[in-house]
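Asks: File follows, my_file25.cif with mmCIF, C-alpha atoms and all ligand atoms:
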data_upload
#
loop_
_atom_site.group_PDB
_atom_site.id
_atom_site.type_symbol
_atom_site.label_atom_id
_atom_site.label_comp_id
_atom_site.auth_asym_id
_atom_site.auth_seq_id
_atom_site.Cartn_x
_atom_site.Cartn_y
_atom_site.Cartn_z
ATOM 1 C CA MET A 202 -2.205 -3.721 -26.302
ATOM 2 C CA VAL A 203 0.186 -1.081 -27.626
ATOM 3 C CA MET A 204 -1.762 2.163 -27.478
ATOM 4 C CA ILE A 205 -2.493 5.211 -25.382
ATOM 5 C CA ARG A 206 -5.901 5.797 -23.831
ATOM 6 C CA PHE A 207 -6.406 9.306 -22.461
ATOM 7 C CA HIS A 208 -9.430 9.573 -20.168
ATOM 8 C CA ILE A 209 -10.537 13.119 -19.368
ATOM 9 C CA LEU A 210 -12.616 13.010 -16.186
ATOM 10 C CA GLY A 211 -12.232 16.706 -15.441
ATOM 11 C CA ALA A 212 -12.316 19.086 -18.405
ATOM 12 C CA GLY A 213 -12.753 22.222 -16.302
ATOM 13 C CA GLY A 214 -10.619 24.611 -14.255
ATOM 14 C CA ALA A 215 -11.054 25.520 -10.598
ATOM 15 C CA LEU A 216 -14.807 26.211 -10.904
ATOM 16 C CA PRO A 217 -16.821 22.977 -10.989
ATOM 17 C CA THR A 218 -19.857 22.750 -13.254
ATOM 18 C CA PHE A 219 -22.094 19.868 -14.305
ATOM 19 C CA SER A 220 -20.045 19.066 -17.408
ATOM 20 C CA HIS A 221 -16.628 20.532 -16.577
ATOM 21 C CA ASN A 222 -15.065 19.623 -13.237
ATOM 22 C CA PRO A 223 -11.528 20.328 -12.001
ATOM 23 C CA ALA A 224 -8.562 18.389 -13.358
ATOM 24 C CA ALA A 225 -8.797 14.586 -13.311
ATOM 25 C CA TYR A 226 -7.164 12.361 -15.916
ATOM 26 C CA LEU A 227 -6.237 8.725 -16.229
ATOM 27 C CA VAL A 228 -3.749 7.845 -18.966
ATOM 28 C CA GLU A 229 -3.198 4.229 -19.957
ATOM 29 C CA VAL A 230 0.057 3.663 -21.828
ATOM 30 C CA ASP A 231 0.159 0.136 -23.260
ATOM 31 C CA GLY A 232 -2.268 -0.855 -20.507
ATOM 32 C CA ALA A 233 -0.333 0.698 -17.610
ATOM 33 C CA PRO A 234 -2.590 3.190 -15.809
ATOM 34 C CA LEU A 235 -1.225 6.557 -14.665
ATOM 35 C CA VAL A 236 -3.392 8.900 -12.628
ATOM 36 C CA LEU A 237 -2.716 12.415 -13.869
ATOM 37 C CA ASP A 238 -3.497 15.650 -11.977
ATOM 38 C CA PRO A 239 -5.913 14.439 -9.284
ATOM 39 C CA GLY A 240 -7.886 17.602 -8.584
ATOM 40 C CA PRO A 241 -10.847 17.733 -6.198
ATOM 41 C CA GLY A 242 -13.169 14.764 -6.723
ATOM 42 C CA ALA A 243 -10.864 13.054 -9.221
ATOM 43 C CA LEU A 244 -10.884 9.641 -7.542
ATOM 44 C CA THR A 245 -14.665 9.702 -7.251
ATOM 45 C CA ARG A 246 -15.058 10.481 -10.944
ATOM 46 C CA MET A 247 -12.598 7.739 -11.918
ATOM 47 C CA ALA A 248 -14.546 5.240 -9.835
ATOM 48 C CA GLN A 249 -17.874 6.422 -11.296
ATOM 49 C CA ALA A 250 -16.432 6.004 -14.803
ATOM 50 C CA GLY A 251 -15.542 2.390 -14.035
ATOM 51 C CA LEU A 252 -11.810 3.056 -14.288
ATOM 52 C CA LEU A 253 -10.931 1.800 -10.796
ATOM 53 C CA PRO A 254 -12.326 -1.747 -10.692
ATOM 54 C CA ARG A 255 -9.818 -2.592 -7.943
ATOM 55 C CA GLY A 256 -10.331 0.737 -6.183
ATOM 56 C CA VAL A 257 -7.166 2.419 -4.939
ATOM 57 C CA ASP A 258 -5.375 -0.945 -5.198
ATOM 58 C CA GLY A 259 -5.389 -0.314 -8.958
ATOM 59 C CA ILE A 260 -3.353 2.885 -8.614
ATOM 60 C CA ASP A 261 0.454 2.570 -8.444
ATOM 61 C CA ARG A 262 1.548 5.835 -10.056
ATOM 62 C CA VAL A 263 0.385 9.427 -10.016
ATOM 63 C CA LEU A 264 1.710 12.363 -12.037
ATOM 64 C CA VAL A 265 1.166 15.927 -10.848
ATOM 65 C CA SER A 266 1.860 18.808 -13.242
ATOM 66 C CA HIS A 267 1.842 21.500 -10.565
ATOM 67 C CA LEU A 268 0.696 22.038 -7.014
ATOM 68 C CA HIS A 269 -2.381 24.220 -7.436
ATOM 69 C CA PRO A 270 -5.311 22.617 -5.573
ATOM 70 C CA ASP A 271 -7.424 22.100 -8.701
ATOM 71 C CA HIS A 272 -4.675 19.726 -9.954
ATOM 72 C CA SER A 273 -3.485 18.069 -6.738
ATOM 73 C CA LEU A 274 -6.004 18.213 -3.889
ATOM 74 C CA ASP A 275 -7.176 14.605 -4.248
ATOM 75 C CA LEU A 276 -3.685 13.435 -3.262
ATOM 76 C CA VAL A 277 -5.009 14.004 0.271
ATOM 77 C CA ALA A 278 -8.024 11.824 -0.487
ATOM 78 C CA LEU A 279 -5.776 9.134 -1.999
ATOM 79 C CA LEU A 280 -3.342 9.020 0.943
ATOM 80 C CA PHE A 281 -6.223 8.988 3.421
ATOM 81 C CA ALA A 282 -7.837 6.104 1.502
ATOM 82 C CA LEU A 283 -4.540 4.190 1.653
ATOM 83 C CA HIS A 284 -4.561 4.544 5.431
ATOM 84 C CA SER A 285 -7.769 2.503 5.553
ATOM 85 C CA PRO A 286 -7.282 -1.156 6.567
ATOM 86 C CA LEU A 287 -9.309 -2.364 3.555
ATOM 87 C CA PRO A 288 -7.000 -1.825 0.539
ATOM 88 C CA ASP A 289 -4.783 -4.862 0.074
ATOM 89 C CA SER A 290 -2.039 -3.896 -2.395
ATOM 90 C CA ARG A 291 1.563 -3.985 -1.165
ATOM 91 C CA ALA A 292 2.982 -2.212 -4.216
ATOM 92 C CA PRO A 293 4.742 1.106 -3.618
ATOM 93 C CA MET A 294 2.636 4.192 -4.372
ATOM 94 C CA VAL A 295 4.817 6.436 -6.503
ATOM 95 C CA ILE A 296 3.880 10.088 -6.957
ATOM 96 C CA HIS A 297 5.836 12.185 -9.457
ATOM 97 C CA GLY A 298 5.552 15.959 -9.454
ATOM 98 C CA PRO A 299 7.476 19.213 -9.582
ATOM 99 C CA GLY A 300 9.968 20.375 -6.978
ATOM 100 C CA GLY A 301 7.939 21.329 -3.891
ATOM 101 C CA LEU A 302 5.813 18.156 -3.939
ATOM 102 C CA SER A 303 7.519 16.727 -0.819
ATOM 103 C CA ALA A 304 7.174 20.018 1.062
ATOM 104 C CA LEU A 305 3.463 20.103 0.212
ATOM 105 C CA VAL A 306 2.914 16.557 1.481
ATOM 106 C CA ASP A 307 4.911 17.409 4.622
ATOM 107 C CA ARG A 308 2.575 20.359 5.300
ATOM 108 C CA TRP A 309 -0.413 18.055 4.912
ATOM 109 C CA ARG A 310 1.221 15.589 7.325
ATOM 110 C CA ASP A 311 1.590 18.425 9.847
ATOM 111 C CA ILE A 312 -2.171 18.844 9.685
ATOM 112 C CA TYR A 313 -3.388 15.251 9.371
ATOM 113 C CA GLY A 314 -0.618 13.348 11.144
ATOM 114 C CA SER A 315 -0.568 9.597 10.640
ATOM 115 C CA TRP A 316 -3.969 9.646 8.874
ATOM 116 C CA LEU A 317 -2.084 10.215 5.630
ATOM 117 C CA GLU A 318 0.359 7.322 6.144
ATOM 118 C CA PRO A 319 -0.483 4.422 3.803
ATOM 119 C CA ARG A 320 -1.092 1.365 5.975
ATOM 120 C CA ARG A 321 0.491 -1.287 3.731
ATOM 121 C CA ARG A 322 2.297 0.561 0.984
ATOM 122 C CA GLU A 323 5.538 2.465 0.782
ATOM 123 C CA LEU A 324 4.940 6.042 -0.341
ATOM 124 C CA VAL A 325 7.557 7.310 -2.811
ATOM 125 C CA LEU A 326 7.571 10.996 -3.726
ATOM 126 C CA GLN A 327 9.717 11.781 -6.763
ATOM 127 C CA GLU A 328 10.327 15.401 -7.620
ATOM 128 C CA TRP A 329 11.012 15.901 -11.312
ATOM 129 C CA ARG A 330 12.936 18.679 -12.958
ATOM 130 C CA PRO A 331 11.824 19.470 -16.508
ATOM 131 C CA GLY A 332 13.189 16.716 -18.751
ATOM 132 C CA ASP A 333 12.955 14.040 -16.077
ATOM 133 C CA GLY A 334 10.796 11.055 -16.904
ATOM 134 C CA LEU A 335 10.189 7.387 -16.570
ATOM 135 C CA ASP A 336 10.282 4.213 -18.663
ATOM 136 C CA LEU A 337 7.018 2.279 -18.423
ATOM 137 C CA PRO A 338 6.704 -1.508 -18.135
ATOM 138 C CA GLY A 339 5.335 -2.143 -21.648
ATOM 139 C CA GLY A 340 8.120 -0.304 -23.472
ATOM 140 C CA GLY A 341 6.558 3.162 -23.421
ATOM 141 C CA ALA A 342 7.675 6.191 -21.464
ATOM 142 C CA VAL A 343 6.613 9.506 -19.997
ATOM 143 C CA GLU A 344 8.772 12.609 -19.981
ATOM 144 C CA SER A 345 8.211 15.999 -18.363
ATOM 145 C CA PHE A 346 8.849 19.432 -19.821
ATOM 146 C CA ALA A 347 8.699 22.966 -18.464
ATOM 147 C CA VAL A 348 5.651 25.159 -19.037
ATOM 148 C CA ASP A 349 4.948 28.781 -18.106
ATOM 149 C CA HIS A 350 2.452 29.113 -15.281
ATOM 150 C CA PRO A 351 2.547 31.183 -12.070
ATOM 151 C CA GLN A 352 4.071 29.107 -9.290
ATOM 152 C CA ASP A 353 2.852 28.836 -5.751
ATOM 153 C CA ARG A 354 5.117 29.326 -2.726
ATOM 154 C CA LEU A 355 6.334 25.716 -2.671
ATOM 155 C CA ALA A 356 6.700 24.856 -6.352
ATOM 156 C CA ALA A 357 9.993 25.173 -8.190
ATOM 157 C CA HIS A 358 8.356 25.028 -11.614
ATOM 158 C CA CYS A 359 5.299 23.717 -13.439
ATOM 159 C CA LEU A 360 5.385 20.708 -15.739
ATOM 160 C CA GLY A 361 3.683 19.283 -18.798
ATOM 161 C CA PHE A 362 3.995 15.606 -19.797
ATOM 162 C CA ARG A 363 4.694 13.727 -23.018
ATOM 163 C CA PHE A 364 3.528 10.104 -23.106
ATOM 164 C CA ARG A 365 4.952 7.645 -25.644
ATOM 165 C CA ASP A 366 3.727 4.117 -26.304
ATOM 166 C CA ALA A 367 5.920 1.180 -27.328
ATOM 167 C CA ALA A 368 5.242 1.954 -31.008
ATOM 168 C CA GLY A 369 6.487 5.544 -30.615
ATOM 169 C CA ARG A 370 3.086 7.243 -30.749
ATOM 170 C CA THR A 371 2.736 10.271 -28.492
ATOM 171 C CA ALA A 372 0.161 12.111 -26.431
ATOM 172 C CA VAL A 373 1.091 15.446 -24.863
ATOM 173 C CA TYR A 374 -0.588 17.110 -21.871
ATOM 174 C CA SER A 375 -0.018 20.826 -21.353
ATOM 175 C CA GLY A 376 -0.824 21.111 -17.657
ATOM 176 C CA ASP A 377 -1.589 24.761 -16.966
ATOM 177 C CA THR A 378 0.420 27.198 -19.030
ATOM 178 C CA GLY A 379 0.540 30.395 -20.983
ATOM 179 C CA PRO A 380 2.274 30.422 -24.365
ATOM 180 C CA SER A 381 5.298 28.190 -23.810
ATOM 181 C CA ALA A 382 8.281 27.253 -25.961
ATOM 182 C CA GLY A 383 8.554 24.000 -23.983
ATOM 183 C CA LEU A 384 4.981 23.045 -24.829
ATOM 184 C CA THR A 385 5.372 23.954 -28.504
ATOM 185 C CA ALA A 386 8.475 21.758 -28.760
ATOM 186 C CA ALA A 387 6.827 18.850 -26.932
ATOM 187 C CA ALA A 388 3.664 19.068 -29.050
ATOM 188 C CA ARG A 389 5.501 19.097 -32.388
ATOM 189 C CA GLY A 390 4.066 16.265 -34.456
ATOM 190 C CA ALA A 391 2.280 14.673 -31.470
ATOM 191 C CA ASP A 392 -0.483 12.190 -32.274
ATOM 192 C CA LEU A 393 -2.660 13.832 -29.611
ATOM 193 C CA LEU A 394 -2.335 17.142 -27.800
ATOM 194 C CA VAL A 395 -4.513 17.628 -24.705
ATOM 195 C CA VAL A 396 -4.160 21.328 -24.094
ATOM 196 C CA GLU A 397 -5.630 23.812 -21.707
ATOM 197 C CA CYS A 398 -7.915 26.500 -23.117
ATOM 198 C CA SER A 399 -9.023 28.367 -20.024
ATOM 199 C CA THR A 400 -10.847 31.413 -21.331
ATOM 200 C CA PRO A 401 -12.248 33.095 -24.436
ATOM 201 C CA ASP A 402 -9.813 35.470 -26.182
ATOM 202 C CA GLU A 403 -11.412 38.512 -24.562
ATOM 203 C CA LEU A 404 -10.785 37.130 -21.052
ATOM 204 C CA GLU A 405 -7.166 36.117 -21.761
ATOM 205 C CA THR A 406 -5.389 35.497 -18.437
ATOM 206 C CA PRO A 407 -1.612 35.435 -17.842
ATOM 207 C CA GLY A 408 -0.343 31.893 -17.332
ATOM 208 C CA HIS A 409 -3.229 30.371 -19.302
ATOM 209 C CA LEU A 410 -4.203 29.885 -22.941
ATOM 210 C CA CYS A 411 -7.128 31.227 -24.950
ATOM 211 C CA PRO A 412 -8.302 29.986 -28.396
ATOM 212 C CA ARG A 413 -6.091 32.432 -30.286
ATOM 213 C CA GLU A 414 -2.981 31.209 -28.429
ATOM 214 C CA VAL A 415 -3.961 27.535 -28.732
ATOM 215 C CA GLY A 416 -4.500 28.106 -32.467
ATOM 216 C CA ARG A 417 -1.066 29.717 -32.772
ATOM 217 C CA LEU A 418 0.539 26.838 -30.864
ATOM 218 C CA CYS A 419 -1.179 24.207 -33.024
ATOM 219 C CA ALA A 420 -0.297 25.989 -36.277
ATOM 220 C CA GLN A 421 3.380 25.822 -35.238
ATOM 221 C CA ALA A 422 3.471 22.348 -33.683
ATOM 222 C CA ARG A 423 1.015 20.597 -36.053
ATOM 223 C CA PRO A 424 -0.289 17.885 -33.699
ATOM 224 C CA ALA A 425 -2.417 15.270 -35.491
ATOM 225 C CA ARG A 426 -5.353 15.796 -33.127
ATOM 226 C CA VAL A 427 -6.185 18.291 -30.373
ATOM 227 C CA ALA A 428 -8.432 18.059 -27.314
ATOM 228 C CA LEU A 429 -9.225 21.174 -25.291
ATOM 229 C CA THR A 430 -9.423 21.003 -21.508
ATOM 230 C CA HIS A 431 -9.207 23.170 -18.366
ATOM 231 C CA GLN A 432 -12.152 25.228 -19.597
ATOM 232 C CA TYR A 433 -13.550 27.810 -17.203
ATOM 233 C CA PRO A 434 -17.314 28.338 -17.584
ATOM 234 C CA PRO A 435 -17.115 31.168 -20.165
ATOM 235 C CA ALA A 436 -14.846 28.967 -22.326
ATOM 236 C CA ALA A 437 -16.991 25.874 -21.820
ATOM 237 C CA ALA A 438 -20.046 27.843 -22.949
ATOM 238 C CA MET A 439 -18.602 28.770 -26.352
ATOM 239 C CA ASP A 440 -17.593 26.827 -29.457
ATOM 240 C CA LEU A 441 -13.857 26.676 -28.805
ATOM 241 C CA ALA A 442 -13.097 24.349 -31.706
ATOM 242 C CA ALA A 443 -14.619 26.850 -34.147
ATOM 243 C CA ALA A 444 -12.594 29.683 -32.592
ATOM 244 C CA ILE A 445 -9.384 27.687 -32.971
ATOM 245 C CA GLY A 446 -10.382 26.754 -36.508
ATOM 246 C CA ASN A 447 -9.621 30.352 -37.475
ATOM 247 C CA HIS A 448 -5.936 29.606 -36.853
ATOM 248 C CA PHE A 449 -5.503 25.837 -37.302
ATOM 249 C CA ASP A 450 -7.061 23.464 -39.842
ATOM 250 C CA GLY A 451 -6.528 20.152 -37.978
ATOM 251 C CA PRO A 452 -9.111 18.221 -35.933
ATOM 252 C CA VAL A 453 -9.986 19.839 -32.590
ATOM 253 C CA VAL A 454 -12.414 18.508 -29.990
ATOM 254 C CA GLN A 455 -13.745 20.467 -27.033
ATOM 255 C CA ALA A 456 -13.670 18.021 -24.111
ATOM 256 C CA ARG A 457 -16.388 17.461 -21.523
ATOM 257 C CA ASP A 458 -15.966 15.255 -18.472
ATOM 258 C CA GLY A 459 -15.996 11.614 -19.553
ATOM 259 C CA LEU A 460 -14.295 11.965 -22.946
ATOM 260 C CA THR A 461 -11.803 9.216 -23.779
ATOM 261 C CA LEU A 462 -9.345 9.628 -26.643
ATOM 262 C CA THR A 463 -7.206 6.835 -28.021
ATOM 263 C CA VAL A 464 -3.951 6.826 -29.930
ATOM 264 C CA PRO A 465 -4.056 5.439 -32.544
ATOM 265 C CA HIS A 466 -7.497 6.850 -33.333
ATOM 266 C CA GLN A 467 -10.216 4.183 -33.108
ATOM 267 C CA ASN A 468 -13.004 3.804 -35.614
ATOM 268 C CA GLY A 469 -16.242 5.166 -34.226
ATOM 269 C CA GLU A 470 -14.544 7.336 -31.654
ATOM 270 C CA SER A 471 -16.495 10.575 -31.357
ATOM 271 C CA ALA A 472 -13.488 12.859 -31.455
HETATM 272 ZN ZN ZN B 501 -2.751 26.137 -12.063
#
Would you mind writing the structure in this file as structure tokens?
Replies:
Amino acid sequence: MVMIRFHILGAGGALPTFSHNPAAYLVEVDGAPLVLDPGPGALTRMAQAGLLPRGVDGIDRVLVSHLHPDHSLDLVALLFALHSPLPDSRAPMVIHGPGGLSALVDRWRDIYGSWLEPRRRELVLQEWRPGDGLDLPGGGAVESFAVDHPQDRLAAHCLGFRFRDAAGRTAVYSGDTGPSAGLTAAARGADLLVVECSTPDELETPGHLCPREVGRLCAQARPARVALTHQYPPAAAMDLAAAIGNHFDGPVVQARDGLTLTVPHQNGESA
């Protein structure tokens, strides 16, 4: 079916809470599943949500926005699971991420040795520069763009992603970023913007967004619908949608773990 389903399994930042765990997303574009930003516990939460009926055999592609552990640590868990003799898929496992992804996996291999070698599947690591992307089997696509977030020692840059279904509808994911011209351009007219909102205005942190900055972004880019994610506990505890409503009059939903958003919007959907 031609549509985008955006499952938010981790609506928090680096500090796990009951309702807001670190990054974990699964995006289905015209039925093709893409694991997005597998932070700590991401695979477990996907399985608990019923999104991995074939276990890791159901995962062929992973997108990583940047290399911070709260967005990438479950790559270790995934590769270790693929070393098990039980999974049966022979399809290549393709992981797309920013420059530095291969160096990170090499460091992990130094530590874990062959335990991270998939037993039956070729592992393909594809480093994307901003603007790089991929055509998807059903006629959709995903494209990366640059965002503004402090890099770690390995990363060349940090990415956001723009998903497009075969009908041209779009969902945009910010990754982690401060105010960013790349994000504003990517979000312009998007059907759905899933955007980080890490802290309240008074705790504004460089490289991240607060409600005032998200409001400013949305007022410029005018996405049809907005979902807020990457909420640290002080942000999760407040009414972020109301705070953004001071700057932007469109629909805004404050995500919790387990929220699924669809494009086009489905009748009866909570957000
Ligand atoms: Zn980060």
Asks: Please write as a VMD selection string the list of polymer residues whose atoms come within 9 Å of (5.2, 20.1, -30.1), counting only C-alpha atoms and keeping to the coordinates of the file.
Replies: chain A and resid 373 382 to 391 394 418 to 419 421 to 424
Asks: With 3 Å of padding per side, what axis-aligned box (centre and edge lengths, Å, one decimal) covers all the listed atoms of stretch 345-352 of chain A? Give it as JSON.
Replies:
{"center_x": 5.7, "center_y": 23.6, "center_z": -14.6, "size_x": 12.4, "size_y": 21.2, "size_z": 16.5}
Asks: Could you pull out the residues sitting within 10 Å of ligand ZN 501 (chain B), using only C-alpha atoms and all ligand atoms, and write them as a ChimeraX atom specification?
Replies: /A:214-215,224,266-273,350-353,359,376-378,408-409,431
Asks: Just the residues within 12 Å of A:Gly300, please, counting only C-alpha atoms, with nothing from its chain fewer than 2 positions along; format it as a ChimeraX atom specification.
Replies: /A:265-268,296-298,302-306,326-331,333,347,352-360
Asks: Give me the residues near A:Ile260 as a list in words, where near means some atom within 10 Å (using all atoms listed in the file) and where sequence neighbours in that chain fewer than 6 positions away do not count.
Replies: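 Listing them by chain and then by number gives Ala233, Pro234, Leu235, Val236, Leu253, Leu279, Ser290, Ala292, Pro293, Met294 and Val295 of chain A.
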Asks: If we count only C-alpha atoms and set the cut-off at 9 Å, which residues sit around A:Asp289, ignoring sequence neighbours fewer than 5 positions away in its own chain? Please answer as a list of chain:residue names.
Replies: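 The filter keeps A:Asp258, A:Arg321, A:Arg322.
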Asks: Counting all atoms listed in the file, note down every residue that has an atom within 9 Å of the point (-10.7, -0.4, -1.1) (file coordinates), as a ChimeraX atom specification.
Replies: /A:255-258,282-283,285-289
Asks: So what do you get for atom CA of A:His208 versus atom CA of A:Gln249, distance-wise?
Replies: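 Spanning atom CA of A:His208 to atom CA of A:Gln249 is a straight-line distance of 12.6 Å.
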Asks: Where does the PyMOL selection byres (((chain A and resi 401) around 7) and not hetatm) land in this file, that is, which residues does it pick, as a short mmCIF file (atom, residue, chain, number, x, y, z; two decimals) with C-alpha atoms, in the frame of the given file?
Replies:
data_model
loop_
_atom_site.label_atom_id
_atom_site.label_comp_id
_atom_site.auth_asym_id
_atom_site.auth_seq_id
_atom_site.Cartn_x
_atom_site.Cartn_y
_atom_site.Cartn_z
CA THR A 400 -10.85 31.41 -21.33
CA ASP A 402 -9.81 35.47 -26.18
CA GLU A 403 -11.41 38.51 -24.56
CA LEU A 404 -10.78 37.13 -21.05
CA GLU A 405 -7.17 36.12 -21.76
CA CYS A 411 -7.13 31.23 -24.95
CA PRO A 412 -8.30 29.99 -28.40
CA PRO A 435 -17.11 31.17 -20.16
CA ALA A 436 -14.85 28.97 -22.33
#
Asks: Between A:Thr463, A:Thr245, A:Gln455, A:Ser220, which has the minimum distance to A:Asp366 (counting all atoms listed in the file)?
Replies: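 Looking at the shortest contact to A:Asp366, the residue is A:Thr463.
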